[in-house]
Amino acid sequence: MRVLFDHNIPQGIASSLKEHDVTIAVDLGWESISNGELLTQAEAAGFDVMLTADKNICYQQNLKNRRIAIVLLTNSTWRDVVPYIERIVAGINAARAGSFAEAEIPLPPKRPFVR
């Protein structure tokens with residue numbers, strides 16, 4: 001499966017996707033194009049899945065007639081993502097054309113402010 005990492009995805013996740021062909025949007029010069037155009041170009045280039053942390057994409061894009069799937073990370077901070085790598089991999093493996101899935105990555109608990 002060909003996977004496109006949006007510009008906001010930690011690149012370290014790629015090492016857990018060895019059975020997939022991973023490309024980073026920045027490497028293609030696609031980091032500043034709009035979501036709709038990004039999905040169109042990704043489909044034209046043969047990508048099957050886009051991994052993103054852009055929480056607005058599910059409201060902005062209709063995937064009904066798309067050939068690409070989207071997997072959304074709810075948190076893309078590397079230290080928070082690491083314990084949930086298997087959840088991300090499972091979301092990518094289960095992705096099908098025109099689907100949207102969320103890989104929930106919880107935020108760490110807030111530390112109390114101490115003076």
# chains A, B, ... in the order shown; residues from 1 in each chain; ligands from 1
>>> select_by_dssp(residues="chain A", states="strand (DSSP E)", output="ChimeraX atom specification")
/A:2-5,21-24,49-52,69-73,100-103
>>> write_last_selection(atoms="all heavy atoms", output="short mmCIF file (atom, residue, chain, number, x, y, z; two decimals), in the first residue's frame")
data_model
loop_
_atom_site.label_atom_id
_atom_site.label_comp_id
_atom_site.auth_asym_id
_atom_site.auth_seq_id
_atom_site.Cartn_x
_atom_site.Cartn_y
_atom_site.Cartn_z
N ARG A 2 0.53 2.24 -0.79
CA ARG A 2 1.28 3.50 -0.83
C ARG A 2 0.65 4.47 0.15
O ARG A 2 -0.53 4.77 0.08
CB ARG A 2 1.27 4.10 -2.23
CG ARG A 2 2.08 3.24 -3.21
CD ARG A 2 2.39 3.95 -4.49
NE ARG A 2 3.29 5.08 -4.24
CZ ARG A 2 3.33 6.17 -4.99
NH1 ARG A 2 2.53 6.31 -6.01
NH2 ARG A 2 4.17 7.13 -4.70
N VAL A 3 1.49 4.96 1.09
CA VAL A 3 1.02 5.83 2.16
C VAL A 3 1.70 7.19 2.04
O VAL A 3 2.93 7.27 1.94
CB VAL A 3 1.34 5.22 3.55
CG1 VAL A 3 0.84 6.12 4.66
CG2 VAL A 3 0.73 3.82 3.67
N LEU A 4 0.90 8.24 2.08
CA LEU A 4 1.41 9.61 2.06
C LEU A 4 1.31 10.19 3.46
O LEU A 4 0.24 10.20 4.05
CB LEU A 4 0.60 10.47 1.09
CG LEU A 4 1.02 11.94 0.99
CD1 LEU A 4 2.43 12.07 0.41
CD2 LEU A 4 0.02 12.73 0.16
N PHE A 5 2.43 10.66 3.99
CA PHE A 5 2.45 11.36 5.27
C PHE A 5 2.27 12.83 5.01
O PHE A 5 3.06 13.44 4.29
CB PHE A 5 3.80 11.17 5.98
CG PHE A 5 3.97 9.89 6.75
CD1 PHE A 5 3.21 8.76 6.47
CD2 PHE A 5 4.91 9.81 7.75
CE1 PHE A 5 3.40 7.59 7.18
CE2 PHE A 5 5.10 8.65 8.46
CZ PHE A 5 4.34 7.53 8.19
N ASP A 21 4.80 1.38 1.25
CA ASP A 21 5.66 2.37 0.59
C ASP A 21 5.25 3.75 1.12
O ASP A 21 4.17 4.24 0.79
CB ASP A 21 5.46 2.28 -0.92
CG ASP A 21 6.26 3.30 -1.70
OD1 ASP A 21 7.20 3.89 -1.14
OD2 ASP A 21 5.94 3.51 -2.89
N VAL A 22 6.08 4.34 1.98
CA VAL A 22 5.76 5.61 2.64
C VAL A 22 6.50 6.75 1.96
O VAL A 22 7.70 6.67 1.70
CB VAL A 22 6.14 5.57 4.13
CG1 VAL A 22 5.93 6.92 4.79
CG2 VAL A 22 5.36 4.49 4.86
N THR A 23 5.77 7.83 1.68
CA THR A 23 6.33 9.05 1.11
C THR A 23 5.84 10.22 1.95
O THR A 23 4.70 10.23 2.39
CB THR A 23 5.89 9.24 -0.35
OG1 THR A 23 6.27 8.09 -1.11
CG2 THR A 23 6.52 10.48 -0.97
N ILE A 24 6.70 11.19 2.14
CA ILE A 24 6.37 12.38 2.93
C ILE A 24 6.02 13.52 1.97
O ILE A 24 6.76 13.79 1.02
CB ILE A 24 7.54 12.74 3.84
CG1 ILE A 24 7.83 11.55 4.77
CG2 ILE A 24 7.26 14.01 4.64
CD1 ILE A 24 9.20 11.54 5.37
N VAL A 49 -3.46 5.76 0.85
CA VAL A 49 -3.82 6.30 2.16
C VAL A 49 -3.03 7.57 2.42
O VAL A 49 -1.84 7.64 2.08
CB VAL A 49 -3.49 5.31 3.30
CG1 VAL A 49 -3.87 5.87 4.66
CG2 VAL A 49 -4.16 3.97 3.08
N MET A 50 -3.69 8.55 3.05
CA MET A 50 -2.97 9.71 3.56
C MET A 50 -3.11 9.72 5.07
O MET A 50 -4.21 9.62 5.61
CB MET A 50 -3.51 11.02 3.00
CG MET A 50 -2.68 12.22 3.50
SD MET A 50 -3.09 13.79 2.73
CE MET A 50 -4.50 14.26 3.71
N LEU A 51 -1.98 9.81 5.76
CA LEU A 51 -1.94 9.93 7.22
C LEU A 51 -1.76 11.40 7.54
O LEU A 51 -0.82 12.04 7.07
CB LEU A 51 -0.78 9.10 7.77
CG LEU A 51 -0.66 8.99 9.28
CD1 LEU A 51 -1.89 8.32 9.89
CD2 LEU A 51 0.61 8.22 9.65
N THR A 52 -2.67 11.95 8.34
CA THR A 52 -2.63 13.38 8.66
C THR A 52 -3.03 13.61 10.10
O THR A 52 -3.64 12.74 10.73
CB THR A 52 -3.57 14.17 7.72
OG1 THR A 52 -3.41 15.57 7.97
CG2 THR A 52 -5.02 13.78 7.90
N ALA A 69 -7.85 6.87 0.97
CA ALA A 69 -8.40 6.83 2.32
C ALA A 69 -7.62 7.82 3.18
O ALA A 69 -6.47 8.15 2.87
CB ALA A 69 -8.27 5.43 2.90
N ILE A 70 -8.24 8.26 4.26
CA ILE A 70 -7.57 9.15 5.20
C ILE A 70 -7.57 8.50 6.57
O ILE A 70 -8.60 8.00 7.03
CB ILE A 70 -8.27 10.52 5.29
CG1 ILE A 70 -8.17 11.25 3.96
CG2 ILE A 70 -7.67 11.37 6.41
CD1 ILE A 70 -8.93 12.57 3.92
N VAL A 71 -6.40 8.51 7.21
CA VAL A 71 -6.28 8.11 8.61
C VAL A 71 -5.80 9.34 9.36
O VAL A 71 -4.77 9.93 9.02
CB VAL A 71 -5.31 6.92 8.80
CG1 VAL A 71 -5.13 6.60 10.28
CG2 VAL A 71 -5.82 5.69 8.04
N LEU A 72 -6.57 9.73 10.37
CA LEU A 72 -6.30 10.93 11.15
C LEU A 72 -5.71 10.57 12.49
O LEU A 72 -6.25 9.73 13.22
CB LEU A 72 -7.60 11.71 11.37
CG LEU A 72 -7.53 12.88 12.35
CD1 LEU A 72 -6.79 14.06 11.72
CD2 LEU A 72 -8.92 13.29 12.80
N LEU A 73 -4.59 11.20 12.83
CA LEU A 73 -4.04 11.10 14.18
C LEU A 73 -4.62 12.25 15.00
O LEU A 73 -4.54 13.40 14.58
CB LEU A 73 -2.52 11.23 14.18
CG LEU A 73 -1.71 10.20 13.41
CD1 LEU A 73 -0.23 10.42 13.67
CD2 LEU A 73 -2.12 8.81 13.78
N PHE A 100 -12.58 7.05 5.94
CA PHE A 100 -11.97 7.95 6.91
C PHE A 100 -11.92 7.21 8.24
O PHE A 100 -12.92 6.65 8.67
CB PHE A 100 -12.78 9.24 7.07
CG PHE A 100 -12.26 10.14 8.15
CD1 PHE A 100 -11.20 11.00 7.88
CD2 PHE A 100 -12.80 10.12 9.41
CE1 PHE A 100 -10.70 11.83 8.88
CE2 PHE A 100 -12.31 10.93 10.42
CZ PHE A 100 -11.26 11.79 10.15
N ALA A 101 -10.73 7.19 8.86
CA ALA A 101 -10.58 6.55 10.17
C ALA A 101 -9.76 7.44 11.07
O ALA A 101 -8.92 8.21 10.60
CB ALA A 101 -9.90 5.19 10.01
N GLU A 102 -10.03 7.32 12.34
CA GLU A 102 -9.32 8.11 13.34
C GLU A 102 -8.50 7.18 14.21
O GLU A 102 -9.01 6.19 14.72
CB GLU A 102 -10.36 8.83 14.21
CG GLU A 102 -9.88 10.09 14.84
CD GLU A 102 -11.01 10.84 15.51
OE1 GLU A 102 -11.26 10.57 16.70
OE2 GLU A 102 -11.63 11.67 14.84
N ALA A 103 -7.21 7.48 14.34
CA ALA A 103 -6.35 6.76 15.27
C ALA A 103 -6.20 7.66 16.48
O ALA A 103 -5.46 8.65 16.44
CB ALA A 103 -5.00 6.45 14.64
#
>>> select_by_dssp(residues="range 7-112 of chain A", states="alpha helix (DSSP H)", output="list in words")
Asn35, Gly36, Glu37, Leu38, Leu39, Thr40, Gln41, Ala42, Glu43, Ala44, Ile57, Cys58, Tyr59, Gln60, Trp78, Arg79, Asp80, Val81, Ile85, Glu86, Arg87, Ile88, Val89, Ala90, Gly91, Ile92, Asn93 and Ala94 of chain A
>>> residues_around(residues="Pro109 in chain A", least_positions_apart="3", cutoff="12 Å", atoms="only C-alpha atoms", output="ChimeraX atom specification")
/A:80,106,112
>>> closest_residue(among="A:Val82, A:Asp48, A:Cys58, A:His20", to="Asn35 in chain A", atoms="only C-alpha atoms")
A:Cys58
>>> closest_residue(among="A:Glu31, A:Asp54, A:Glu19, A:Glu43", to="His7 in chain A", atoms="only C-alpha atoms")
A:Glu31
>>> residues_around(residues="Gly98 in chain A", least_positions_apart="2", cutoff="8 Å", atoms="only C-alpha atoms", output="list of chain:residue names")
A:Leu63, A:Lys64, A:Asn65, A:Arg66, A:Arg67, A:Ile68, A:Ala69, A:Ile70, A:Arg96, A:Phe100
>>> atom_distance(atom1="CA of Trp78 in chain A", atom2="CA of Gly12 in chain A")
7.9 Å
>>> atom_distance(atom1="CA of Ser15 in chain A", atom2="CA of Met1 in chain A")
14.6 Å
>>> closest_residue(among="A:Pro108, A:Gly36, A:Gly29, A:Pro10", to="Gln61 in chain A", atoms="only C-alpha atoms")
A:Gly36
>>> closest_residue(among="A:Ala90, A:Glu37, A:Ala53, A:Ala42", to="Thr77 in chain A", atoms="only C-alpha atoms")
A:Ala53
